[in-house]
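Here is the file protein-v6.cif (mmCIF, C-alpha atoms and all ligand atoms).
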```cif
data_data
#
loop_
_atom_site.group_PDB
_atom_site.id
_atom_site.type_symbol
_atom_site.label_atom_id
_atom_site.label_comp_id
_atom_site.auth_asym_id
_atom_site.auth_seq_id
_atom_site.Cartn_x
_atom_site.Cartn_y
_atom_site.Cartn_z
ATOM 1 C CA MET A 219 -18.938 5.528 19.781
ATOM 2 C CA PRO A 220 -16.211 7.845 18.433
ATOM 3 C CA VAL A 221 -17.402 11.293 17.440
ATOM 4 C CA VAL A 222 -16.368 12.260 13.900
ATOM 5 C CA GLU A 223 -14.244 15.412 13.982
ATOM 6 C CA PRO A 224 -14.055 17.662 10.895
ATOM 7 C CA ALA A 225 -10.519 16.359 10.276
ATOM 8 C CA MET A 226 -11.934 12.829 9.837
ATOM 9 C CA ILE A 227 -14.054 13.989 6.923
ATOM 10 C CA SER A 228 -11.741 13.667 3.933
ATOM 11 C CA LYS A 229 -10.593 16.684 1.945
ATOM 12 C CA THR A 230 -12.187 15.124 -1.145
ATOM 13 C CA LEU A 231 -15.579 15.126 0.563
ATOM 14 C CA ARG A 232 -15.145 18.613 2.005
ATOM 15 C CA ASP A 233 -14.182 19.929 -1.447
ATOM 16 C CA LEU A 234 -17.101 18.140 -3.085
ATOM 17 C CA PHE A 235 -19.395 19.651 -0.483
ATOM 18 C CA HIS A 236 -18.309 23.102 -1.614
ATOM 19 C CA THR A 237 -18.446 22.482 -5.358
ATOM 20 C CA ALA A 238 -21.393 20.111 -5.823
ATOM 21 C CA ASN A 239 -24.620 21.481 -7.241
ATOM 22 C CA SER A 240 -26.652 18.317 -7.393
ATOM 23 C CA VAL A 241 -26.988 16.389 -4.142
ATOM 24 C CA LEU A 242 -29.315 13.616 -3.064
ATOM 25 C CA VAL A 243 -29.901 12.722 0.573
ATOM 26 C CA LEU A 244 -31.579 9.386 1.264
ATOM 27 C CA THR A 245 -32.715 9.004 4.852
ATOM 28 C CA GLY A 246 -34.064 6.166 6.950
ATOM 29 C CA ALA A 247 -35.280 5.645 10.497
ATOM 30 C CA GLY A 248 -31.824 6.408 11.949
ATOM 31 C CA VAL A 249 -32.065 10.087 10.977
ATOM 32 C CA SER A 250 -34.966 10.380 13.441
ATOM 33 C CA ALA A 251 -33.409 8.206 16.164
ATOM 34 C CA GLU A 252 -32.009 11.207 18.044
ATOM 35 C CA SER A 253 -35.508 12.712 18.085
ATOM 36 C CA GLY A 254 -36.654 9.607 19.971
ATOM 37 C CA VAL A 255 -38.189 7.647 17.079
ATOM 38 C CA PRO A 256 -37.418 3.945 17.480
ATOM 39 C CA THR A 257 -35.651 2.357 14.509
ATOM 40 C CA PHE A 258 -36.955 -0.901 13.032
ATOM 41 C CA ARG A 259 -33.555 -2.576 12.915
ATOM 42 C CA GLY A 260 -30.107 -1.947 14.311
ATOM 43 C CA GLY A 261 -28.105 -3.083 17.299
ATOM 44 C CA GLY A 262 -28.913 -6.664 16.304
ATOM 45 C CA GLN A 263 -32.612 -6.082 17.138
ATOM 46 C CA SER A 264 -35.806 -5.973 15.116
ATOM 47 C CA ALA A 265 -38.905 -4.060 16.320
ATOM 48 C CA VAL A 266 -41.822 -5.992 17.803
ATOM 49 C CA TRP A 267 -45.246 -4.581 18.759
ATOM 50 C CA LYS A 268 -47.658 -6.566 20.966
ATOM 51 C CA GLY A 269 -45.642 -9.677 20.214
ATOM 52 C CA MET A 270 -45.840 -9.146 16.443
ATOM 53 C CA PRO A 271 -42.767 -8.441 14.310
ATOM 54 C CA PHE A 272 -43.259 -5.059 12.606
ATOM 55 C CA GLU A 273 -43.140 -6.724 9.160
ATOM 56 C CA VAL A 274 -46.304 -8.611 10.170
ATOM 57 C CA ILE A 275 -48.335 -5.741 11.643
ATOM 58 C CA SER A 276 -47.145 -3.395 8.829
ATOM 59 C CA SER A 277 -48.171 -5.714 6.010
ATOM 60 C CA ALA A 278 -50.735 -5.790 3.227
ATOM 61 C CA GLN A 279 -51.910 -9.170 4.580
ATOM 62 C CA MET A 280 -52.659 -7.648 7.996
ATOM 63 C CA LEU A 281 -54.598 -4.838 6.322
ATOM 64 C CA GLU A 282 -56.910 -7.463 4.812
ATOM 65 C CA ARG A 283 -57.046 -9.636 7.907
ATOM 66 C CA ASP A 284 -57.325 -7.086 10.719
ATOM 67 C CA LEU A 285 -57.689 -3.428 9.687
ATOM 68 C CA PRO A 286 -58.471 -2.255 13.276
ATOM 69 C CA ALA A 287 -55.141 -3.747 14.449
ATOM 70 C CA VAL A 288 -53.288 -1.845 11.698
ATOM 71 C CA TRP A 289 -55.004 1.404 12.817
ATOM 72 C CA GLU A 290 -54.121 0.647 16.435
ATOM 73 C CA TRP A 291 -50.441 0.220 15.496
ATOM 74 C CA PHE A 292 -50.375 3.458 13.502
ATOM 75 C CA ASN A 293 -52.320 5.333 16.242
ATOM 76 C CA TYR A 294 -49.652 4.151 18.665
ATOM 77 C CA ARG A 295 -46.897 5.430 16.352
ATOM 78 C CA ARG A 296 -48.662 8.775 15.794
ATOM 79 C CA ASN A 297 -49.170 9.298 19.525
ATOM 80 C CA LEU A 298 -45.467 8.693 20.034
ATOM 81 C CA LEU A 299 -44.488 11.024 17.195
ATOM 82 C CA ALA A 300 -46.824 13.809 18.313
ATOM 83 C CA GLN A 301 -44.454 14.559 21.180
ATOM 84 C CA LEU A 302 -41.234 14.508 19.144
ATOM 85 C CA THR A 303 -39.411 17.273 17.310
ATOM 86 C CA PRO A 304 -36.768 17.379 14.554
ATOM 87 C CA ASN A 305 -33.134 16.971 15.587
ATOM 88 C CA ALA A 306 -29.896 18.524 14.339
ATOM 89 C CA ALA A 307 -29.739 16.136 11.365
ATOM 90 C CA HIS A 308 -33.186 17.208 10.101
ATOM 91 C CA THR A 309 -32.443 20.923 10.581
ATOM 92 C CA THR A 310 -29.045 20.634 8.882
ATOM 93 C CA ILE A 311 -30.643 18.979 5.839
ATOM 94 C CA ALA A 312 -33.402 21.606 5.849
ATOM 95 C CA ASN A 313 -30.715 24.304 5.465
ATOM 96 C CA TRP A 314 -28.995 22.661 2.495
ATOM 97 C CA PRO A 315 -31.109 24.254 -0.261
ATOM 98 C CA CYS A 316 -29.003 27.354 0.535
ATOM 99 C CA ARG A 317 -25.874 25.390 -0.400
ATOM 100 C CA PHE A 318 -26.931 23.174 -3.287
ATOM 101 C CA SER A 319 -28.949 24.407 -6.247
ATOM 102 C CA ASP A 320 -30.337 20.922 -6.913
ATOM 103 C CA LEU A 321 -31.023 19.184 -3.592
ATOM 104 C CA SER A 322 -33.310 16.149 -3.406
ATOM 105 C CA VAL A 323 -34.388 14.827 -0.029
ATOM 106 C CA VAL A 324 -35.686 11.270 -0.357
ATOM 107 C CA THR A 325 -36.927 9.561 2.768
ATOM 108 C CA GLN A 326 -38.189 6.161 3.765
ATOM 109 C CA ASN A 327 -39.574 7.687 6.938
ATOM 110 C CA VAL A 328 -43.263 8.279 7.500
ATOM 111 C CA ASP A 329 -42.810 10.617 10.483
ATOM 112 C CA GLY A 330 -42.930 14.001 8.712
ATOM 113 C CA LEU A 331 -39.917 15.278 10.706
ATOM 114 C CA HIS A 332 -38.022 16.518 7.609
ATOM 115 C CA GLN A 333 -40.987 18.729 6.759
ATOM 116 C CA ALA A 334 -41.316 19.815 10.408
ATOM 117 C CA ALA A 335 -37.685 20.948 10.227
ATOM 118 C CA GLY A 336 -38.449 23.020 7.110
ATOM 119 C CA SER A 337 -37.499 20.718 4.207
ATOM 120 C CA ARG A 338 -39.775 21.251 1.214
ATOM 121 C CA ASP A 339 -40.667 18.881 -1.597
ATOM 122 C CA VAL A 340 -39.504 15.790 0.302
ATOM 123 C CA ILE A 341 -39.879 12.603 -1.741
ATOM 124 C CA GLU A 342 -41.646 10.207 0.634
ATOM 125 C CA LEU A 343 -41.092 6.672 -0.623
ATOM 126 C CA HIS A 344 -43.184 5.020 2.103
ATOM 127 C CA GLY A 345 -45.982 7.567 2.657
ATOM 128 C CA ASN A 346 -46.752 9.505 5.817
ATOM 129 C CA VAL A 347 -48.470 8.497 9.074
ATOM 130 C CA TRP A 348 -50.129 11.899 9.257
ATOM 131 C CA ARG A 349 -52.244 11.087 6.200
ATOM 132 C CA ALA A 350 -55.082 8.605 5.657
ATOM 133 C CA ARG A 351 -56.849 7.589 2.487
ATOM 134 C CA CYS A 352 -60.106 5.918 1.537
ATOM 135 C CA PHE A 353 -60.024 2.369 0.201
ATOM 136 C CA ASP A 354 -63.044 3.062 -2.008
ATOM 137 C CA CYS A 355 -62.743 6.598 -3.431
ATOM 138 C CA ASP A 356 -59.086 7.381 -2.630
ATOM 139 C CA ALA A 357 -59.995 10.650 -0.797
ATOM 140 C CA ARG A 358 -57.060 11.872 1.331
ATOM 141 C CA TYR A 359 -57.264 13.081 4.915
ATOM 142 C CA ASN A 360 -55.022 14.687 7.475
ATOM 143 C CA SER A 361 -55.005 12.108 10.285
ATOM 144 C CA ARG A 362 -55.062 14.935 12.848
ATOM 145 C CA GLU A 363 -58.584 15.774 11.648
ATOM 146 C CA LEU A 364 -59.934 12.236 12.022
ATOM 147 C CA ASN A 365 -61.553 10.606 15.009
ATOM 148 C CA CYS A 366 -58.941 7.933 15.496
ATOM 149 C CA ASP A 367 -60.783 6.626 18.586
ATOM 150 C CA GLU A 368 -62.965 4.725 16.117
ATOM 151 C CA ALA A 369 -61.533 1.282 15.383
ATOM 152 C CA VAL A 370 -61.556 2.205 11.673
ATOM 153 C CA PRO A 371 -62.305 5.824 10.682
ATOM 154 C CA SER A 372 -64.775 6.346 7.795
ATOM 155 C CA CYS A 373 -64.529 8.488 4.689
ATOM 156 C CA PHE A 374 -66.613 11.718 4.910
ATOM 157 C CA ASP A 375 -67.265 11.549 1.160
ATOM 158 C CA CYS A 376 -68.351 7.966 0.536
ATOM 159 C CA GLY A 377 -68.460 6.296 3.964
ATOM 160 C CA GLY A 378 -65.780 3.752 2.978
ATOM 161 C CA ASN A 379 -63.095 2.530 5.324
ATOM 162 C CA LEU A 380 -59.978 4.674 5.659
ATOM 163 C CA ARG A 381 -56.455 3.320 5.950
ATOM 164 C CA PRO A 382 -53.148 4.939 6.921
ATOM 165 C CA ASP A 383 -51.541 6.444 3.800
ATOM 166 C CA VAL A 384 -48.332 4.492 4.225
ATOM 167 C CA VAL A 385 -46.686 1.752 2.216
ATOM 168 C CA LEU A 386 -46.995 -1.631 3.891
ATOM 169 C CA PHE A 387 -44.899 -4.717 3.184
ATOM 170 C CA GLY A 388 -46.243 -6.310 0.033
ATOM 171 C CA GLU A 389 -47.471 -2.990 -1.423
ATOM 172 C CA MET A 390 -46.250 -0.788 -4.269
ATOM 173 C CA LEU A 391 -44.635 2.590 -3.630
ATOM 174 C CA PRO A 392 -46.787 5.705 -4.249
ATOM 175 C CA PRO A 393 -47.035 6.432 -8.005
ATOM 176 C CA GLY A 394 -44.088 8.492 -9.226
ATOM 177 C CA ALA A 395 -42.151 8.536 -5.934
ATOM 178 C CA PHE A 396 -39.492 6.012 -6.927
ATOM 179 C CA GLU A 397 -39.217 7.475 -10.432
ATOM 180 C CA ARG A 398 -38.535 10.990 -9.042
ATOM 181 C CA ALA A 399 -35.956 9.579 -6.619
ATOM 182 C CA ALA A 400 -34.292 7.524 -9.365
ATOM 183 C CA ASP A 401 -34.105 10.600 -11.629
ATOM 184 C CA ALA A 402 -32.413 12.553 -8.843
ATOM 185 C CA ALA A 403 -30.048 9.621 -8.232
ATOM 186 C CA GLN A 404 -29.044 9.598 -11.895
ATOM 187 C CA ARG A 405 -28.054 13.263 -11.950
ATOM 188 C CA CYS A 406 -26.537 13.764 -8.463
ATOM 189 C CA GLU A 407 -22.824 14.306 -7.901
ATOM 190 C CA LEU A 408 -23.023 13.442 -4.206
ATOM 191 C CA CYS A 409 -25.362 10.909 -2.602
ATOM 192 C CA LEU A 410 -25.562 10.898 1.191
ATOM 193 C CA VAL A 411 -27.204 7.853 2.731
ATOM 194 C CA VAL A 412 -28.189 8.627 6.294
ATOM 195 C CA GLY A 413 -29.568 6.296 8.962
ATOM 196 C CA THR A 414 -30.835 3.428 6.875
ATOM 197 C CA SER A 415 -30.043 -0.268 7.155
ATOM 198 C CA ALA A 416 -30.234 -0.295 3.323
ATOM 199 C CA VAL A 417 -32.026 -3.634 3.195
ATOM 200 C CA VAL A 418 -35.499 -2.616 2.019
ATOM 201 C CA TYR A 419 -35.937 -2.401 -1.754
ATOM 202 C CA PRO A 420 -36.585 -0.539 -3.946
ATOM 203 C CA ALA A 421 -35.388 2.298 -1.641
ATOM 204 C CA ALA A 422 -32.016 0.591 -1.220
ATOM 205 C CA SER A 423 -31.462 0.709 -4.982
ATOM 206 C CA ILE A 424 -31.356 4.554 -4.983
ATOM 207 C CA PRO A 425 -27.708 4.712 -3.784
ATOM 208 C CA GLU A 426 -26.825 1.959 -6.265
ATOM 209 C CA ILE A 427 -28.278 4.055 -9.111
ATOM 210 C CA ALA A 428 -26.361 7.138 -7.900
ATOM 211 C CA LYS A 429 -23.076 5.265 -7.664
ATOM 212 C CA GLY A 430 -23.648 3.606 -11.024
ATOM 213 C CA ASN A 431 -24.018 7.063 -12.565
ATOM 214 C CA GLY A 432 -20.761 8.342 -11.097
ATOM 215 C CA ALA A 433 -21.887 9.993 -7.856
ATOM 216 C CA CYS A 434 -19.721 9.995 -4.759
ATOM 217 C CA LEU A 435 -21.524 7.767 -2.253
ATOM 218 C CA VAL A 436 -21.270 8.591 1.449
ATOM 219 C CA GLU A 437 -22.906 6.710 4.301
ATOM 220 C CA VAL A 438 -23.654 8.159 7.746
ATOM 221 C CA ASN A 439 -24.525 5.439 10.259
ATOM 222 C CA PRO A 440 -23.176 4.168 13.601
ATOM 223 C CA GLU A 441 -23.273 0.621 12.183
ATOM 224 C CA ARG A 442 -22.089 -0.928 8.957
ATOM 225 C CA THR A 443 -24.710 -1.926 6.398
ATOM 226 C CA PRO A 444 -24.732 -3.967 3.170
ATOM 227 C CA LEU A 445 -24.018 -0.642 1.412
ATOM 228 C CA SER A 446 -20.882 0.227 3.398
ATOM 229 C CA ASP A 447 -18.390 -1.640 1.213
ATOM 230 C CA PHE A 448 -19.837 0.006 -1.870
ATOM 231 C CA CYS A 449 -19.410 3.566 -0.487
ATOM 232 C CA ASP A 450 -16.654 6.060 -1.236
ATOM 233 C CA GLU A 451 -16.742 7.174 2.404
ATOM 234 C CA VAL A 452 -18.370 5.813 5.519
ATOM 235 C CA LEU A 453 -18.848 8.310 8.358
ATOM 236 C CA THR A 454 -19.371 6.171 11.421
ATOM 237 C CA GLY A 455 -21.564 7.857 14.011
ATOM 238 C CA LYS A 456 -24.864 9.567 14.686
ATOM 239 C CA ALA A 457 -26.527 11.677 12.013
ATOM 240 C CA GLY A 458 -27.245 14.523 14.445
ATOM 241 C CA GLU A 459 -23.560 14.781 15.271
ATOM 242 C CA ILE A 460 -22.043 14.200 11.833
ATOM 243 C CA LEU A 461 -24.305 16.166 9.466
ATOM 244 C CA PRO A 462 -23.761 19.528 11.221
ATOM 245 C CA LEU A 463 -19.995 18.988 10.783
ATOM 246 C CA LEU A 464 -20.398 18.752 7.024
HETATM 247 P P1 LIG A 501 -33.947 0.560 9.926
HETATM 248 O O1 LIG A 501 -34.568 0.547 11.278
HETATM 249 O O2 LIG A 501 -33.932 -0.694 9.149
HETATM 250 O O3 LIG A 501 -32.432 1.034 10.052
HETATM 251 C C1 LIG A 501 -32.085 2.131 10.842
HETATM 252 C C2 LIG A 501 -30.620 2.396 10.642
HETATM 253 O O4 LIG A 501 -30.302 3.595 11.339
HETATM 254 C C3 LIG A 501 -29.698 1.311 11.208
HETATM 255 O O5 LIG A 501 -28.745 0.968 10.213
HETATM 256 C C4 LIG A 501 -29.038 1.987 12.395
HETATM 257 O O6 LIG A 501 -27.689 1.553 12.572
HETATM 258 C C5 LIG A 501 -29.066 3.440 11.983
HETATM 259 N N1 LIG A 501 -29.030 4.413 13.089
HETATM 260 C C6 LIG A 501 -29.442 4.273 14.367
HETATM 261 N N2 LIG A 501 -29.256 5.408 15.058
HETATM 262 C C7 LIG A 501 -28.732 6.306 14.190
HETATM 263 C C8 LIG A 501 -28.314 7.672 14.296
HETATM 264 N N3 LIG A 501 -28.428 8.355 15.434
HETATM 265 N N4 LIG A 501 -27.801 8.264 13.200
HETATM 266 C C9 LIG A 501 -27.681 7.588 12.025
HETATM 267 N N5 LIG A 501 -28.059 6.308 11.876
HETATM 268 C C10 LIG A 501 -28.573 5.663 12.934
HETATM 269 O O7 LIG A 501 -34.649 1.757 9.142
HETATM 270 P P2 LIG A 501 -34.822 1.947 7.568
HETATM 271 O O8 LIG A 501 -33.571 1.583 6.849
HETATM 272 O O9 LIG A 501 -35.372 3.292 7.396
HETATM 273 O O10 LIG A 501 -40.638 0.531 5.738
HETATM 274 O O11 LIG A 501 -35.914 0.877 7.253
HETATM 275 C C11 LIG A 501 -36.403 0.816 5.947
HETATM 276 C C12 LIG A 501 -37.861 0.502 5.974
HETATM 277 O O12 LIG A 501 -38.086 -0.679 6.719
HETATM 278 C C13 LIG A 501 -38.738 1.525 6.687
HETATM 279 O O13 LIG A 501 -39.044 2.653 5.890
HETATM 280 C C14 LIG A 501 -39.945 0.761 6.984
HETATM 281 C C15 LIG A 501 -39.311 -0.515 7.474
HETATM 282 O O14 LIG A 501 -40.060 -1.596 7.272
HETATM 283 C C16 LIG A 501 -41.965 0.477 5.719
HETATM 284 O O15 LIG A 501 -42.625 0.648 6.710
HETATM 285 C C17 LIG A 501 -42.518 0.182 4.389
#
```

Written form, structure tokens:
Amino acid sequence: MPVVEPAMISKTLRDLFHTANSVLVLTGAGVSAESGVPTFRGGGQSAVWKGMPFEVISSAQMLERDLPAVWEWFNYRRNLLAQLTPNAAHTTIANWPCRFSDLSVVTQNVDGLHQAAGSRDVIELHGNVWRARCFDCDARYNSRELNCDEAVPSCFDCGGNLRPDVVLFGEMLPPGAFERAADAAQRCELCLVVGTSAVVYPAASIPEIAKGNGACLVEVNPERTPLSDFCDEVLTGKAGEILPLL
């Protein structure tokens, strides 16, 4: 994989980086890959857990059919994440509020690594594995404070079943999350799309909205995606290597 040198980043993009006020960064699983978080797709592969494609175990249907299995899958993911730390891509993005007066960080990730790196006010389109919520009364919990050895943890308030506070296939996004991201996409001058296969909607429509409103669209990814041909620039390589160069 060729490393992108500063010279390979066009003058137009370098200039825009110095003059832009309003910037949106949309991230996906690839931004956390160098921290050790497995991506769902990429390299011609699709993630499987205990023989189940992730779209099956991470689905609204599975929540109805086998809630303990959904908890087991998210406990597995949390245990993995507990040992991981942000990488250079997360820390670079966390420093950008010093450069851009209107920076929006929109993520599809549920790992909390942007916040661990210091990013504030991250728009989480797909929730967060470190939160749980009650089916019955909607009370929210920090998963670290729950006894996740139970097959299904119970709500302290009403005794109802808790579920991971993440968006599963077949579910709506959290109220307001897409609207905030779409607003930011409409006003940004530069939209950086980092480490996403850009196939899951509505998240994948954010760059389309930005481009449609005149933003410069830049992709950072070692592989091409359905978005690549639509971009003003494609920086081919790893987020942790490319973002610090910007
Ligand atoms: P994917 O796993 O679909 O895509 C990860 C992308 O990251 C691929 O395009 C890889 O080429 C790229 N990639 C890998 N290593 C990278 C690196 N070091 N630097 C930059 N890019 C790298 O992840 P998402 O697009 O985030 O949704 O997936 C979208 C949604 O699908 C997820 O949020 C999740 C999943 O189902 C839900 O769980 C609702």

Compute the set of protein, DNA and RNA residues whose minimum atom distance to ligand LIG 501 (chain A) is at most 9 Å, using only C-alpha atoms and all ligand atoms, and state it as a PDB file with C-alpha atoms, in the frame of the given file.
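Everything below was put into part-v1.pdb:
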```
ATOM      1  CA  THR A 245     -32.715   9.004   4.852  1.00  0.00           C
ATOM      2  CA  GLY A 246     -34.064   6.166   6.950  1.00  0.00           C
ATOM      3  CA  ALA A 247     -35.280   5.645  10.497  1.00  0.00           C
ATOM      4  CA  GLY A 248     -31.824   6.408  11.949  1.00  0.00           C
ATOM      5  CA  VAL A 249     -32.065  10.087  10.977  1.00  0.00           C
ATOM      6  CA  SER A 250     -34.966  10.380  13.441  1.00  0.00           C
ATOM      7  CA  ALA A 251     -33.409   8.206  16.164  1.00  0.00           C
ATOM      8  CA  GLU A 252     -32.009  11.207  18.044  1.00  0.00           C
ATOM      9  CA  SER A 253     -35.508  12.712  18.085  1.00  0.00           C
ATOM     10  CA  PRO A 256     -37.418   3.945  17.480  1.00  0.00           C
ATOM     11  CA  THR A 257     -35.651   2.357  14.509  1.00  0.00           C
ATOM     12  CA  PHE A 258     -36.955  -0.901  13.032  1.00  0.00           C
ATOM     13  CA  ARG A 259     -33.555  -2.576  12.915  1.00  0.00           C
ATOM     14  CA  GLY A 260     -30.107  -1.947  14.311  1.00  0.00           C
ATOM     15  CA  GLY A 261     -28.105  -3.083  17.299  1.00  0.00           C
ATOM     16  CA  SER A 264     -35.806  -5.973  15.116  1.00  0.00           C
ATOM     17  CA  ALA A 265     -38.905  -4.060  16.320  1.00  0.00           C
ATOM     18  CA  PHE A 272     -43.259  -5.059  12.606  1.00  0.00           C
ATOM     19  CA  GLU A 273     -43.140  -6.724   9.160  1.00  0.00           C
ATOM     20  CA  SER A 276     -47.145  -3.395   8.829  1.00  0.00           C
ATOM     21  CA  SER A 277     -48.171  -5.714   6.010  1.00  0.00           C
ATOM     22  CA  ALA A 307     -29.739  16.136  11.365  1.00  0.00           C
ATOM     23  CA  THR A 325     -36.927   9.561   2.768  1.00  0.00           C
ATOM     24  CA  GLN A 326     -38.189   6.161   3.765  1.00  0.00           C
ATOM     25  CA  ASN A 327     -39.574   7.687   6.938  1.00  0.00           C
ATOM     26  CA  VAL A 328     -43.263   8.279   7.500  1.00  0.00           C
ATOM     27  CA  LEU A 343     -41.092   6.672  -0.623  1.00  0.00           C
ATOM     28  CA  HIS A 344     -43.184   5.020   2.103  1.00  0.00           C
ATOM     29  CA  GLY A 345     -45.982   7.567   2.657  1.00  0.00           C
ATOM     30  CA  VAL A 384     -48.332   4.492   4.225  1.00  0.00           C
ATOM     31  CA  VAL A 385     -46.686   1.752   2.216  1.00  0.00           C
ATOM     32  CA  LEU A 386     -46.995  -1.631   3.891  1.00  0.00           C
ATOM     33  CA  PHE A 387     -44.899  -4.717   3.184  1.00  0.00           C
ATOM     34  CA  GLY A 388     -46.243  -6.310   0.033  1.00  0.00           C
ATOM     35  CA  GLU A 389     -47.471  -2.990  -1.423  1.00  0.00           C
ATOM     36  CA  LEU A 391     -44.635   2.590  -3.630  1.00  0.00           C
ATOM     37  CA  VAL A 412     -28.189   8.627   6.294  1.00  0.00           C
ATOM     38  CA  GLY A 413     -29.568   6.296   8.962  1.00  0.00           C
ATOM     39  CA  THR A 414     -30.835   3.428   6.875  1.00  0.00           C
ATOM     40  CA  SER A 415     -30.043  -0.268   7.155  1.00  0.00           C
ATOM     41  CA  ALA A 416     -30.234  -0.295   3.323  1.00  0.00           C
ATOM     42  CA  VAL A 417     -32.026  -3.634   3.195  1.00  0.00           C
ATOM     43  CA  VAL A 418     -35.499  -2.616   2.019  1.00  0.00           C
ATOM     44  CA  TYR A 419     -35.937  -2.401  -1.754  1.00  0.00           C
ATOM     45  CA  ALA A 421     -35.388   2.298  -1.641  1.00  0.00           C
ATOM     46  CA  ALA A 422     -32.016   0.591  -1.220  1.00  0.00           C
ATOM     47  CA  VAL A 438     -23.654   8.159   7.746  1.00  0.00           C
ATOM     48  CA  ASN A 439     -24.525   5.439  10.259  1.00  0.00           C
ATOM     49  CA  PRO A 440     -23.176   4.168  13.601  1.00  0.00           C
ATOM     50  CA  GLU A 441     -23.273   0.621  12.183  1.00  0.00           C
ATOM     51  CA  ARG A 442     -22.089  -0.928   8.957  1.00  0.00           C
ATOM     52  CA  THR A 443     -24.710  -1.926   6.398  1.00  0.00           C
ATOM     53  CA  THR A 454     -19.371   6.171  11.421  1.00  0.00           C
ATOM     54  CA  GLY A 455     -21.564   7.857  14.011  1.00  0.00           C
ATOM     55  CA  LYS A 456     -24.864   9.567  14.686  1.00  0.00           C
ATOM     56  CA  ALA A 457     -26.527  11.677  12.013  1.00  0.00           C
ATOM     57  CA  GLY A 458     -27.245  14.523  14.445  1.00  0.00           C
ATOM     58  CA  GLU A 459     -23.560  14.781  15.271  1.00  0.00           C
ATOM     59  CA  ILE A 460     -22.043  14.200  11.833  1.00  0.00           C
TER      60      ILE A 460
END
```

Worksheet item: Quick one, how far is CA of Asp320 (chain A) from CA of Val243 (chain A)?
Response: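 That distance, rounded to one decimal, is 11.1 Å.
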
Item to complete: Convert the output of the PyMOL selection byres (((chain A and resi 321-323) around 10) and not hetatm) on the shown file into explicit residues, formatted as JSON, numbers by chain.
Response: {"A": [238, 239, 240, 241, 242, 243, 244, 245, 311, 312, 314, 315, 316, 317, 318, 319, 320, 324, 325, 332, 337, 338, 339, 340, 341, 342, 398, 399, 401, 402, 403, 406, 408, 409, 410]}

Item to complete: Might you pull out every residue within 12 Å of region 351-365 of chain A, with only C-alpha atoms counted and same-chain residues fewer than 5 positions away left off, and present them as a list in words?
Response: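 Skipping anything fewer than 5 positions along the chain leaves Leu281, Glu282, Leu285, Trp289, Phe292, Asn293, Arg296, Asn297, Ala300, Gly345, Asn346, Val370, Pro371, Ser372, Cys373, Phe374, Asp375, Cys376, Gly377, Gly378, Asn379, Leu380, Arg381, Pro382, Asp383, Val384 and Val385 of chain A.
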
Discussion item. One number please: CA of Glu290 (chain A) to CA of Cys366 (chain A), in Å, one decimal.
Written reply: 8.8 Å

Practice prompt. Name the closest residue to Leu461 (chain A) among the candidates A:Thr303, A:Gln404, A:Thr230, A:Asn313; distances are taken between atoms, counting all atoms listed in the file.
Written response: A:Asn313

Fill in: Contacts of Arg232 (chain A) at 12 Å (all atoms listed in the file; same-chain gap of 5+ positions) as a list in words
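The neighbour list is Pro224, Ala225, Met226, Ile227, Thr237, Ala238, Leu408, Cys434, Val436, Glu451, Leu463 and Leu464 of chain A.
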
Practice prompt. Using all atoms listed in the file, determine which residues lie at most 8 Å from Leu299 (chain A), disregarding the query and same-chain residues fewer than 4 positions distant; provide the list as a list in words.
Written response: Val255, Arg295 and Asp329 of chain A
